[in-house]
file upload-v1.csv (CSV, C-alpha atoms)
chain,number,residue,atom,x,y,z
A,2,MET,CA,-69.1,78.5,5.8
A,3,ALA,CA,-70.2,75.0,5.2
A,4,SER,CA,-72.2,74.4,2.1
A,5,ALA,CA,-75.9,73.5,2.2
A,6,GLU,CA,-75.1,69.9,1.1
A,7,LEU,CA,-72.5,69.4,3.8
A,8,ARG,CA,-74.8,70.7,6.5
A,9,ILE,CA,-77.7,68.4,5.4
A,10,ILE,CA,-75.4,65.4,5.5
A,11,ASN,CA,-74.0,66.2,8.9
A,12,ARG,CA,-77.5,66.7,10.3
A,13,ARG,CA,-78.4,63.2,9.0
A,14,ILE,CA,-75.3,61.6,10.5
A,15,LYS,CA,-76.3,63.1,13.8
A,16,SER,CA,-79.8,61.8,13.6
A,17,VAL,CA,-78.7,58.3,12.6
A,18,LYS,CA,-76.2,58.3,15.5
A,19,SER,CA,-78.9,59.1,18.0
A,20,THR,CA,-81.2,56.4,16.5
A,21,LYS,CA,-78.3,54.0,16.8
A,22,LYS,CA,-78.0,54.8,20.5
A,23,ILE,CA,-81.7,54.0,21.0
A,24,THR,CA,-81.6,50.7,19.1
A,25,ARG,CA,-78.4,49.7,20.9
A,26,ALA,CA,-80.0,50.4,24.3
A,27,MET,CA,-83.1,48.4,23.3
A,28,GLU,CA,-81.0,45.5,22.2
A,29,LEU,CA,-79.2,45.5,25.6
A,30,ILE,CA,-82.4,45.7,27.6
A,31,ALA,CA,-83.9,42.9,25.6
A,32,SER,CA,-80.9,40.7,26.0
A,33,SER,CA,-80.8,41.2,29.8
A,34,ARG,CA,-84.5,40.4,30.1
A,35,ILE,CA,-84.2,37.3,28.0
A,36,VAL,CA,-82.0,35.6,30.6
A,37,LYS,CA,-84.6,36.1,33.3
A,38,ALA,CA,-87.5,35.1,31.1
A,39,GLN,CA,-85.6,31.9,30.1
A,40,GLN,CA,-85.2,30.9,33.8
A,41,ARG,CA,-88.8,31.4,34.4
A,42,LEU,CA,-89.7,29.4,31.4
A,43,THR,CA,-87.5,26.5,32.6
A,44,SER,CA,-89.1,26.4,36.1
A,45,SER,CA,-92.6,26.5,34.6
A,46,ASN,CA,-91.7,23.7,32.2
A,47,ASN,CA,-90.6,21.7,35.3
A,48,TYR,CA,-94.0,22.2,36.9
A,49,THR,CA,-95.9,21.3,33.7
A,50,ASN,CA,-93.8,18.2,33.2
A,51,LEU,CA,-94.4,17.0,36.7
A,52,LEU,CA,-98.1,17.6,36.2
A,53,ALA,CA,-98.1,15.7,32.9
A,54,GLN,CA,-96.4,12.8,34.7
A,55,ILE,CA,-99.2,12.6,37.3
A,56,VAL,CA,-101.8,12.8,34.5
A,57,GLU,CA,-100.1,9.9,32.9
A,58,GLU,CA,-100.4,7.9,36.2
A,59,LEU,CA,-104.1,8.7,36.1
A,60,THR,CA,-104.7,7.7,32.5
A,61,GLY,CA,-103.1,4.4,33.5
A,62,SER,CA,-105.8,4.1,36.1
A,63,GLY,CA,-108.5,4.4,33.3
A,64,GLU,CA,-110.2,7.3,34.9
A,65,MET,CA,-109.7,9.8,32.0
A,66,PRO,CA,-112.9,11.3,30.8
A,67,THR,CA,-113.6,11.8,27.1
A,68,SER,CA,-115.3,15.0,26.0
A,69,PRO,CA,-118.5,14.5,24.1
A,70,ALA,CA,-118.3,15.2,20.4
A,71,ILE,CA,-120.2,18.4,19.5
A,72,GLU,CA,-122.5,18.3,16.4
A,73,GLY,CA,-123.1,21.3,14.2
A,74,THR,CA,-121.7,24.8,14.8
A,75,LYS,CA,-119.0,25.0,17.3
A,76,LYS,CA,-118.1,28.2,19.2
A,77,ILE,CA,-114.4,28.6,19.3
A,78,THR,CA,-112.4,31.1,21.4
A,79,LEU,CA,-109.0,32.0,20.0
A,80,VAL,CA,-106.6,33.5,22.5
A,81,VAL,CA,-104.1,35.5,20.6
A,82,ILE,CA,-100.9,36.4,22.4
A,83,THR,CA,-98.8,39.3,21.0
A,84,SER,CA,-96.7,42.1,22.6
A,85,ASP,CA,-97.7,45.5,23.8
A,86,ARG,CA,-94.9,47.3,22.0
A,87,GLY,CA,-93.6,47.1,18.5
A,88,LEU,CA,-90.0,47.2,17.2
A,89,ALA,CA,-89.7,43.4,17.6
A,90,GLY,CA,-89.2,42.5,13.9
A,91,ALA,CA,-91.7,40.1,12.5
A,92,TYR,CA,-92.8,38.8,15.9
A,93,ASN,CA,-96.3,40.3,15.9
A,94,THR,CA,-96.9,39.9,12.2
A,95,ASN,CA,-96.2,36.2,12.3
A,96,ILE,CA,-98.6,35.6,15.2
A,97,LEU,CA,-101.4,37.7,13.7
A,98,LYS,CA,-101.0,36.0,10.4
A,99,LEU,CA,-101.4,32.6,12.0
A,100,ALA,CA,-104.4,33.8,14.0
A,101,GLU,CA,-106.0,35.1,10.9
A,102,VAL,CA,-105.4,31.7,9.1
A,103,ARG,CA,-106.9,29.7,12.0
A,104,LYS,CA,-109.8,32.0,12.2
A,105,SER,CA,-110.7,31.7,8.5
A,106,GLU,CA,-110.1,27.9,8.7
A,107,TYR,CA,-112.7,27.6,11.4
A,108,GLU,CA,-115.1,30.0,9.8
A,109,ASN,CA,-114.9,28.1,6.5
A,110,ILE,CA,-116.4,25.0,8.3
A,111,ASN,CA,-119.2,27.2,9.7
A,112,ASN,CA,-117.8,27.7,13.2
A,113,VAL,CA,-118.2,30.9,15.1
A,114,VAL,CA,-114.9,32.3,16.2
A,115,GLU,CA,-114.5,34.7,19.1
A,116,ILE,CA,-111.2,36.5,19.8
A,117,VAL,CA,-109.5,37.2,23.1
A,118,THR,CA,-106.4,39.3,22.8
A,119,VAL,CA,-103.4,39.5,25.0
A,120,GLY,CA,-101.2,42.5,24.1
A,121,LYS,CA,-101.9,45.9,22.6
A,122,LYS,CA,-100.8,44.8,19.1
A,123,ALA,CA,-103.4,42.1,18.7
A,124,ASN,CA,-106.1,44.3,20.1
A,125,GLY,CA,-105.3,47.0,17.6
A,126,TYR,CA,-105.0,44.6,14.7
A,127,PHE,CA,-108.5,43.1,15.2
A,128,LYS,CA,-110.2,46.4,16.1
A,129,TYR,CA,-108.8,47.9,12.9
A,130,ARG,CA,-110.5,45.1,11.0
A,131,ASN,CA,-113.8,45.7,12.8
A,132,ILE,CA,-113.5,42.6,14.9
A,133,GLU,CA,-114.2,43.5,18.5
A,134,PRO,CA,-112.2,41.2,20.8
A,135,LYS,CA,-114.3,39.7,23.5
A,136,GLN,CA,-111.7,40.5,26.1
A,137,ASN,CA,-108.4,42.3,25.9
A,138,TYR,CA,-105.5,42.1,28.4
A,139,GLU,CA,-102.6,44.5,28.4
A,140,GLY,CA,-99.4,45.0,30.4
A,141,ILE,CA,-98.9,41.3,30.9
A,142,THR,CA,-96.5,40.1,28.2
A,143,ASP,CA,-93.4,41.9,29.5
A,144,GLU,CA,-93.2,39.8,32.6
A,145,PRO,CA,-96.2,37.5,32.9
A,146,ASN,CA,-96.9,36.0,36.3
A,147,PHE,CA,-99.2,33.2,37.3
A,148,GLU,CA,-102.0,35.5,38.5
A,149,ASN,CA,-102.2,36.8,35.0
A,150,ALA,CA,-102.7,33.3,33.7
A,151,LEU,CA,-105.5,32.8,36.2
A,152,GLU,CA,-107.0,36.1,35.2
A,153,ILE,CA,-107.2,35.1,31.6
A,154,MET,CA,-108.1,31.5,32.0
A,155,THR,CA,-110.7,31.5,34.8
A,156,PRO,CA,-113.5,33.3,32.8
A,157,LEU,CA,-112.8,31.2,29.7
A,158,VAL,CA,-113.0,27.9,31.6
A,159,GLN,CA,-116.3,29.0,33.2
A,160,GLU,CA,-117.7,29.7,29.8
A,161,PHE,CA,-116.4,26.4,28.5
A,162,TYR,CA,-118.2,24.5,31.3
A,163,ALA,CA,-121.3,26.6,30.9
A,164,GLY,CA,-121.3,25.6,27.2
A,165,LYS,CA,-120.9,29.2,25.9
A,166,THR,CA,-117.8,28.2,24.1
A,167,ASN,CA,-116.9,24.7,22.8
A,168,GLN,CA,-113.2,25.0,22.3
A,169,ILE,CA,-110.4,27.2,23.6
A,170,GLU,CA,-107.3,27.6,21.4
A,171,LEU,CA,-104.2,29.5,22.1
A,172,VAL,CA,-102.2,31.2,19.3
A,173,TYR,CA,-98.8,32.1,20.6
A,174,THR,CA,-95.1,32.0,19.8
A,175,GLU,CA,-93.0,29.2,21.1
A,176,TYR,CA,-89.5,29.9,22.2
A,177,GLN,CA,-87.1,27.3,20.9
A,178,SER,CA,-83.8,29.1,21.0
A,179,ALA,CA,-82.5,32.6,20.8
A,180,MET,CA,-82.5,32.3,17.0
A,181,THR,CA,-85.7,30.3,16.5
A,182,GLN,CA,-89.2,31.1,17.6
A,183,THR,CA,-92.2,29.6,16.0
A,184,ALA,CA,-95.8,30.8,15.9
A,185,LEU,CA,-98.1,28.0,16.8
A,186,TYR,CA,-101.6,27.1,18.1
A,187,LYS,CA,-102.6,24.7,20.8
A,188,THR,CA,-106.0,23.5,22.1
A,189,VAL,CA,-106.4,23.9,25.8
A,190,LEU,CA,-109.9,22.7,26.2
A,191,PRO,CA,-111.5,20.2,25.5
A,192,PHE,CA,-108.8,18.3,27.3
A,193,GLU,CA,-106.8,15.9,25.2
A,194,VAL,CA,-104.7,13.3,26.9
A,195,GLU,CA,-102.6,12.4,23.9
A,196,GLN,CA,-101.1,15.8,23.6
A,197,ILE,CA,-99.5,15.7,27.0
A,198,ALA,CA,-99.1,12.1,28.0
A,199,LYS,CA,-96.8,11.2,25.2
A,200,GLU,CA,-93.6,9.5,25.9
A,201,ILE,CA,-94.0,9.3,29.6
A,202,GLU,CA,-93.7,5.9,31.0
A,203,SER,CA,-96.4,4.9,33.4
A,204,VAL,CA,-95.3,3.3,36.7
A,205,GLY,CA,-98.7,2.6,38.2
A,206,GLY,CA,-99.6,1.2,41.7
A,207,TYR,CA,-100.6,4.5,43.2
A,208,THR,CA,-103.3,5.1,45.7
A,209,PHE,CA,-105.4,8.2,45.2
A,210,GLU,CA,-106.7,10.4,47.9
A,211,PRO,CA,-109.7,11.0,47.9
A,212,SER,CA,-110.3,9.1,44.7
A,213,ALA,CA,-108.7,9.0,41.2
A,214,SER,CA,-111.6,10.8,39.6
A,215,GLN,CA,-111.6,13.6,42.1
A,216,VAL,CA,-107.8,14.0,41.8
A,217,LEU,CA,-108.4,14.1,38.1
A,218,SER,CA,-111.1,16.8,38.2
A,219,ASN,CA,-108.7,18.8,40.4
A,220,ILE,CA,-105.8,18.3,38.0
A,221,ILE,CA,-107.4,19.4,34.8
A,222,PRO,CA,-107.9,23.1,35.7
A,223,LYS,CA,-104.4,23.1,37.0
A,224,TYR,CA,-103.2,21.7,33.7
A,225,THR,CA,-105.1,24.3,31.7
A,226,ASN,CA,-103.7,27.1,33.9
A,227,ALA,CA,-100.2,25.8,33.5
A,228,THR,CA,-100.7,25.5,29.8
A,229,ILE,CA,-101.6,29.2,29.4
A,230,PHE,CA,-99.0,30.3,31.8
A,231,SER,CA,-96.4,28.4,29.8
A,232,ALA,CA,-97.8,30.0,26.6
A,233,LEU,CA,-97.5,33.5,28.1
A,234,LEU,CA,-93.9,32.8,29.2
A,235,ASN,CA,-93.0,31.4,25.8
A,236,ALA,CA,-94.5,34.4,24.2
A,237,SER,CA,-92.7,36.8,26.4
A,238,THR,CA,-89.3,35.1,26.0
A,239,SER,CA,-89.9,35.0,22.2
A,240,GLU,CA,-90.8,38.7,22.2
A,241,HIS,CA,-87.5,39.7,24.0
A,242,ALA,CA,-85.5,37.4,21.6
A,243,ALA,CA,-87.2,38.9,18.5
A,244,ARG,CA,-86.7,42.4,19.8
A,245,MET,CA,-83.1,41.7,20.5
A,246,ARG,CA,-82.5,40.4,17.0
A,247,ALA,CA,-84.4,43.2,15.4
A,248,MET,CA,-82.6,45.9,17.3
A,249,LYS,CA,-79.2,44.2,16.7
A,250,ALA,CA,-79.9,44.4,12.9
A,251,ALA,CA,-81.1,48.0,13.3
A,252,THR,CA,-77.9,49.0,15.1
A,253,GLU,CA,-75.8,47.3,12.4
A,254,ASN,CA,-77.7,49.1,9.7
A,255,ALA,CA,-77.2,52.4,11.5
A,256,GLU,CA,-73.5,51.8,11.6
A,257,GLU,CA,-73.4,51.0,7.9
A,258,LEU,CA,-75.4,54.2,7.2
A,259,ILE,CA,-73.1,56.3,9.3
A,260,LYS,CA,-70.1,54.9,7.3
A,261,ILE,CA,-71.7,55.8,4.0
A,262,LEU,CA,-72.8,59.2,5.1
A,263,SER,CA,-69.4,60.2,6.5
A,264,ARG,CA,-67.9,59.3,3.2
A,265,LYS,CA,-70.4,61.6,1.5
A,266,SER,CA,-69.7,64.3,4.0
A,267,ASN,CA,-66.0,64.1,3.4
A,268,GLN,CA,-66.6,64.2,-0.3
A,269,ALA,CA,-68.8,67.3,0.1
A,270,ARG,CA,-66.2,69.0,2.3
A,271,GLN,CA,-63.4,68.2,-0.2
A,272,ALA,CA,-65.5,69.5,-3.1
A,273,GLU,CA,-66.0,72.7,-1.2
A,274,ILE,CA,-62.3,73.2,-0.5
A,275,THR,CA,-61.5,72.5,-4.2
A,276,THR,CA,-64.1,75.1,-5.3
A,277,GLU,CA,-62.6,77.6,-2.9
A,278,ILE,CA,-59.0,77.0,-4.1
A,279,SER,CA,-60.0,77.3,-7.8
A,280,GLU,CA,-61.9,80.5,-7.0
A,281,ILE,CA,-58.8,82.0,-5.3
A,282,VAL,CA,-56.5,80.9,-8.0
A,283,GLY,CA,-58.9,82.3,-10.6
A,284,GLY,CA,-59.1,85.6,-8.8
A,285,ALA,CA,-55.3,85.9,-8.4
A,286,GLU,CA,-54.8,85.1,-12.1
A,287,ALA,CA,-57.3,87.8,-13.1
A,288,LEU,CA,-55.5,90.4,-10.9
A,289,ALA,CA,-52.1,89.4,-12.3
A,290,GLY,CA,-53.4,89.4,-15.9
B,26,MET,CA,-86.7,11.3,51.7
B,27,PHE,CA,-86.3,13.9,49.1
B,28,VAL,CA,-89.0,16.6,48.9
B,29,GLU,CA,-89.7,19.0,46.1
B,30,VAL,CA,-92.3,21.8,46.2
B,31,VAL,CA,-92.8,23.2,42.7
B,32,CYS,CA,-95.1,26.0,41.6
B,33,PRO,CA,-95.2,27.5,38.1
B,34,GLU,CA,-93.1,30.5,38.9
B,35,GLU,CA,-90.3,28.8,40.8
B,36,ASN,CA,-89.0,25.9,42.8
B,37,CYS,CA,-90.1,26.7,46.3
B,38,PHE,CA,-88.3,23.9,48.2
B,39,SER,CA,-86.0,21.1,47.3
B,40,GLY,CA,-84.1,19.0,49.7
B,41,ASP,CA,-84.1,16.1,52.2
B,42,ALA,CA,-86.9,16.1,54.8
B,43,THR,CA,-88.2,13.9,57.5
B,44,MET,CA,-91.9,14.7,57.3
B,45,VAL,CA,-94.5,16.6,55.1
B,46,ILE,CA,-97.8,17.7,56.6
B,47,SER,CA,-100.8,19.0,54.7
B,48,ARG,CA,-104.5,18.5,54.2
B,49,THR,CA,-106.5,16.5,51.7
B,50,PRO,CA,-110.3,16.5,51.4
B,51,ASN,CA,-110.2,13.4,53.6
B,52,GLY,CA,-108.3,15.2,56.4
B,53,GLU,CA,-104.9,16.0,57.6
B,54,ILE,CA,-102.1,14.0,56.0
B,55,GLY,CA,-98.6,13.4,57.3
B,56,ILE,CA,-96.0,11.7,55.2
B,57,LEU,CA,-93.0,10.0,56.6
B,58,GLU,CA,-90.2,8.0,55.0
B,59,GLY,CA,-91.5,4.9,53.3
B,60,HIS,CA,-95.1,6.1,52.7
B,61,GLU,CA,-97.0,4.1,50.1
B,62,LYS,CA,-97.2,5.5,46.6
B,63,THR,CA,-99.9,8.1,46.6
B,64,VAL,CA,-101.4,10.9,44.5
B,65,ALA,CA,-103.5,13.3,46.6
B,66,THR,CA,-105.4,16.5,46.2
B,67,LEU,CA,-104.4,19.2,48.6
B,68,MET,CA,-106.9,21.7,50.0
B,69,PRO,CA,-106.1,25.4,50.2
B,70,GLY,CA,-104.2,25.8,53.5
B,71,GLY,CA,-100.9,24.9,54.9
B,72,LEU,CA,-97.9,22.8,53.9
B,73,THR,CA,-95.3,22.2,56.5
B,74,ILE,CA,-92.0,20.4,55.9
B,75,GLU,CA,-89.9,19.1,58.7
B,76,HIS,CA,-86.2,19.1,57.8
B,77,ASP,CA,-82.9,19.5,59.7
B,78,ASN,CA,-84.8,19.6,63.0
B,79,THR,CA,-86.7,22.7,61.9
B,80,ARG,CA,-90.1,23.2,60.3
B,81,THR,CA,-90.7,25.3,57.2
B,82,SER,CA,-94.3,26.3,56.5
B,83,PHE,CA,-95.9,27.4,53.2
B,84,ALA,CA,-99.3,28.7,52.5
B,85,ILE,CA,-100.7,26.9,49.4
B,86,SER,CA,-103.7,27.8,47.3
B,87,GLY,CA,-104.4,24.1,46.7
B,88,GLY,CA,-102.4,21.5,44.8
B,89,ILE,CA,-101.4,18.0,44.1
B,90,LEU,CA,-99.1,15.8,46.2
B,91,GLN,CA,-97.4,12.8,44.7
B,92,VAL,CA,-95.5,10.3,46.8
B,93,THR,CA,-93.2,7.9,44.9
B,94,SER,CA,-90.8,5.3,46.2
B,95,ASP,CA,-87.9,7.8,46.5
B,96,LYS,CA,-89.4,11.3,46.7
B,97,VAL,CA,-92.4,13.5,47.5
B,98,VAL,CA,-93.5,16.1,44.9
B,99,VAL,CA,-95.9,18.9,45.8
B,100,LEU,CA,-97.3,20.9,42.9
B,101,GLY,CA,-99.0,24.1,44.1
B,102,GLU,CA,-100.4,26.9,42.0
B,103,ILE,CA,-99.7,29.7,44.4
B,104,VAL,CA,-97.2,28.9,47.1
B,105,GLU,CA,-95.9,31.5,49.7
B,106,LYS,CA,-93.4,30.9,52.4
B,107,VAL,CA,-94.8,31.8,55.8
B,108,ASP,CA,-93.0,33.1,58.9
B,109,GLY,CA,-94.8,31.2,61.6
B,110,ASP,CA,-96.3,27.8,62.4
B,111,HIS,CA,-98.6,25.5,60.5
B,112,GLU,CA,-101.8,27.1,61.8
B,113,LYS,CA,-100.7,30.5,60.5
B,114,ALA,CA,-99.9,28.9,57.1
B,115,ILE,CA,-103.4,27.3,57.0
B,116,GLU,CA,-104.9,30.7,57.6
B,117,ILE,CA,-103.0,32.4,54.8
B,118,GLY,CA,-103.4,29.5,52.5
B,119,GLN,CA,-107.2,29.5,52.8
B,120,GLU,CA,-107.2,33.2,51.9
B,121,LEU,CA,-105.0,32.4,48.9
B,122,GLY,CA,-107.4,29.7,47.8
B,123,LYS,CA,-110.3,32.1,48.0
B,124,LYS,CA,-108.4,34.7,46.0
B,125,ALA,CA,-107.3,32.3,43.2
B,126,PHE,CA,-110.5,30.4,42.8
B,127,PRO,CA,-113.4,32.7,43.9
B,128,GLU,CA,-116.1,30.4,42.5
B,129,GLU,CA,-115.2,27.5,44.8

call {"tool": "encode", "arguments": {"input": "upload-v1.csv", "output": "structure tokens"}}
result
Amino acid sequence: MASAELRIINRRIKSVKSTKKITRAMELIASSRIVKAQQRLTSSNNYTNLLAQIVEELTGSGEMPTSPAIEGTKKITLVVITSDRGLAGAYNTNILKLAEVRKSEYENINNVVEIVTVGKKANGYFKYRNIEPKQNYEGITDEPNFENALEIMTPLVQEFYAGKTNQIELVYTEYQSAMTQTALYKTVLPFEVEQIAKEIESVGGYTFEPSASQVLSNIIPKYTNATIFSALLNASTSEHAARMRAMKAATENAEELIKILSRKSNQARQAEITTEISEIVGGAEALAG
Amino acid sequence: MFVEVVCPEENCFSGDATMVISRTPNGEIGILEGHEKTVATLMPGGLTIEHDNTRTSFAISGGILQVTSDKVVVLGEIVEKVDGDHEKAIEIGQELGKKAFPEE
């Protein structure tokens, strides 16, 4: 019969092995999703860049409006994008930390900050701290589509133009490469030309139909929608990348742990055999004596 | 001329075409080779591209059309390929427009 120690170690090996299977599966799922997410990100970037290019033509035409400066207390809406599920390493922690920093920065200069959350993790985080998010969206971040972007953005834009909020800022994770994702913030409204029209050469000489200012007022909502859609895609791609890395590390740790535990198990088994032999030898000697 | 139809989720169309038909707030617009450089707002409705002696129609929830010296770029928010003619596309596109921007 196996000794108690041996049995305990073997049970642990079994449990670590099944955990390893789970983390390995999650790693594979994340790595297959990341490819699709990346493709979507590329085509959305294509759209956003073309839009930015047209905006640049318009700025060349001198039709760009400037938003009036707001005196006194500003109402700021922070849109915080996290994931619905955990097990993605420091992904959610980083974004929530940045959101918290932005929030206190604004509050220190006497602004009112409202929170809109995308993803279960952000919602839970703020609720736990007794901050009720104005609006919460779930089930989007795995595979965001453009309707989701409209769903989030349309009410916010209406509030912005009704003067209920003075600034809309996104806090999300930008996907730079499979290894690097950075938490960052970006102002969507009021609309700033500088942030998008950089480095694009103006050609000029366009006719506008019906008129430059009308084309422009049509383009701004498109641009804000595209911005949030691209933020959602960036966040989703980053989430998959972060999960893939976290799960890869977890699988490797499990392997390491299995190695250590099997050594211990072998040791325990050997100790048991040695004890048995010495017991037999001892018994035989007693009889012979 | 080279025509590209781009929406945020995918590239809907990309290739050589002879004519692009759609509607701006000023009315129906048809673009042929050598059109002057234009940026136009598109109304919710249809977008038809004539290429290789066939016509491909899309329903569009509204968008921006840009004509440069060498190509035509259509940026649409929601673009769906339609089995049918331009009229059918207009019908579906107007529905799309209402769905995407209920306040307008």

call {"tool": "interface_residues", "arguments": {"input": "upload-v1.csv", "of": "chain A", "to": "chain B", "cutoff": "6 Å", "atoms": "only C-alpha atoms", "output": "VMD selection string"}}
result
chain A and resid 44 to 45 48 207 to 210 216

call {"tool": "residues_around", "arguments": {"input": "upload-v1.csv", "residues": "Asp108 in chain B", "least_positions_apart": "5", "cutoff": "9 Å", "atoms": "all atoms listed in the file", "output": "ChimeraX atom specification"}}
result
/B:81-83,113-114

call {"tool": "write_last_selection", "arguments": {"input": "upload-v1.csv", "atoms": "C-alpha atoms", "output": "PDB file, keeping the file's coordinate frame"}}
result
ATOM      1  CA  THR B  81     -90.700  25.300  57.200  1.00  0.00           C
ATOM      2  CA  SER B  82     -94.300  26.300  56.500  1.00  0.00           C
ATOM      3  CA  PHE B  83     -95.900  27.400  53.200  1.00  0.00           C
ATOM      4  CA  LYS B 113    -100.700  30.500  60.500  1.00  0.00           C
ATOM      5  CA  ALA B 114     -99.900  28.900  57.100  1.00  0.00           C
TER       6      ALA B 114
END

call {"tool": "residues_around", "arguments": {"input": "upload-v1.csv", "residues": "Arg244 in chain A", "least_positions_apart": "6", "cutoff": "9 Å", "atoms": "all atoms listed in the file", "output": "PyMOL selection string"}}
result
chain A and resi 27-28+31-32+87-90+92

call {"tool": "residues_around", "arguments": {"input": "upload-v1.csv", "residues": "Ser33 in chain A", "least_positions_apart": "4", "cutoff": "12 Å", "atoms": "all atoms listed in the file", "output": "PDB file with C-alpha atoms, in the coordinates of the input"}}
result
ATOM      1  CA  ALA A  26     -80.000  50.400  24.300  1.00  0.00           C
ATOM      2  CA  MET A  27     -83.100  48.400  23.300  1.00  0.00           C
ATOM      3  CA  GLU A  28     -81.000  45.500  22.200  1.00  0.00           C
ATOM      4  CA  LEU A  29     -79.200  45.500  25.600  1.00  0.00           C
ATOM      5  CA  LYS A  37     -84.600  36.100  33.300  1.00  0.00           C
ATOM      6  CA  ALA A  38     -87.500  35.100  31.100  1.00  0.00           C
ATOM      7  CA  GLN A  39     -85.600  31.900  30.100  1.00  0.00           C
ATOM      8  CA  GLN A  40     -85.200  30.900  33.800  1.00  0.00           C
ATOM      9  CA  THR A 238     -89.300  35.100  26.000  1.00  0.00           C
ATOM     10  CA  HIS A 241     -87.500  39.700  24.000  1.00  0.00           C
ATOM     11  CA  ALA A 242     -85.500  37.400  21.600  1.00  0.00           C
ATOM     12  CA  ARG A 244     -86.700  42.400  19.800  1.00  0.00           C
ATOM     13  CA  MET A 245     -83.100  41.700  20.500  1.00  0.00           C
TER      14      MET A 245
END

call {"tool": "atom_distance", "arguments": {"input": "upload-v1.csv", "atom1": "CA of Gln168 in chain A", "atom2": "CA of Pro191 in chain A"}}
result
6.0 Å

call {"tool": "atom_distance", "arguments": {"input": "upload-v1.csv", "atom1": "CA of Ala232 in chain A", "atom2": "CA of Gly122 in chain B"}}
result
23.3 Å

call {"tool": "closest_residue", "arguments": {"input": "upload-v1.csv", "among": "A:Glu240, A:Glu139, A:Glu273, A:Glu115", "to": "Tyr176 in chain A", "atoms": "only C-alpha atoms"}}
result
A:Glu240

call {"tool": "atom_distance", "arguments": {"input": "upload-v1.csv", "atom1": "CA of Val114 in chain A", "atom2": "CA of Asp143 in chain A"}}
result
27.0 Å

call {"tool": "residues_around", "arguments": {"input": "upload-v1.csv", "residues": "Ala236 in chain A", "least_positions_apart": "3", "cutoff": "8 Å", "atoms": "only C-alpha atoms", "output": "ChimeraX atom specification"}}
result
/A:82-83,142,173-176,232-233,239-240

call {"tool": "write_last_selection", "arguments": {"input": "upload-v1.csv", "atoms": "C-alpha atoms", "output": "compact mmCIF listing (two decimals), in the frame of the given file"}}
result
# COMPACT_ATOMS: atom_id res chain seq x y z
CA ILE A 82 -100.90 36.40 22.40
CA THR A 83 -98.80 39.30 21.00
CA THR A 142 -96.50 40.10 28.20
CA TYR A 173 -98.80 32.10 20.60
CA THR A 174 -95.10 32.00 19.80
CA GLU A 175 -93.00 29.20 21.10
CA TYR A 176 -89.50 29.90 22.20
CA ALA A 232 -97.80 30.00 26.60
CA LEU A 233 -97.50 33.50 28.10
CA SER A 239 -89.90 35.00 22.20
CA GLU A 240 -90.80 38.70 22.20

call {"tool": "residues_around", "arguments": {"input": "upload-v1.csv", "residues": "Glu170 in chain A", "least_positions_apart": "2", "cutoff": "9 Å", "atoms": "only C-alpha atoms", "output": "PyMOL selection string"}}
result
chain A and resi 77-81+168+172+186-190
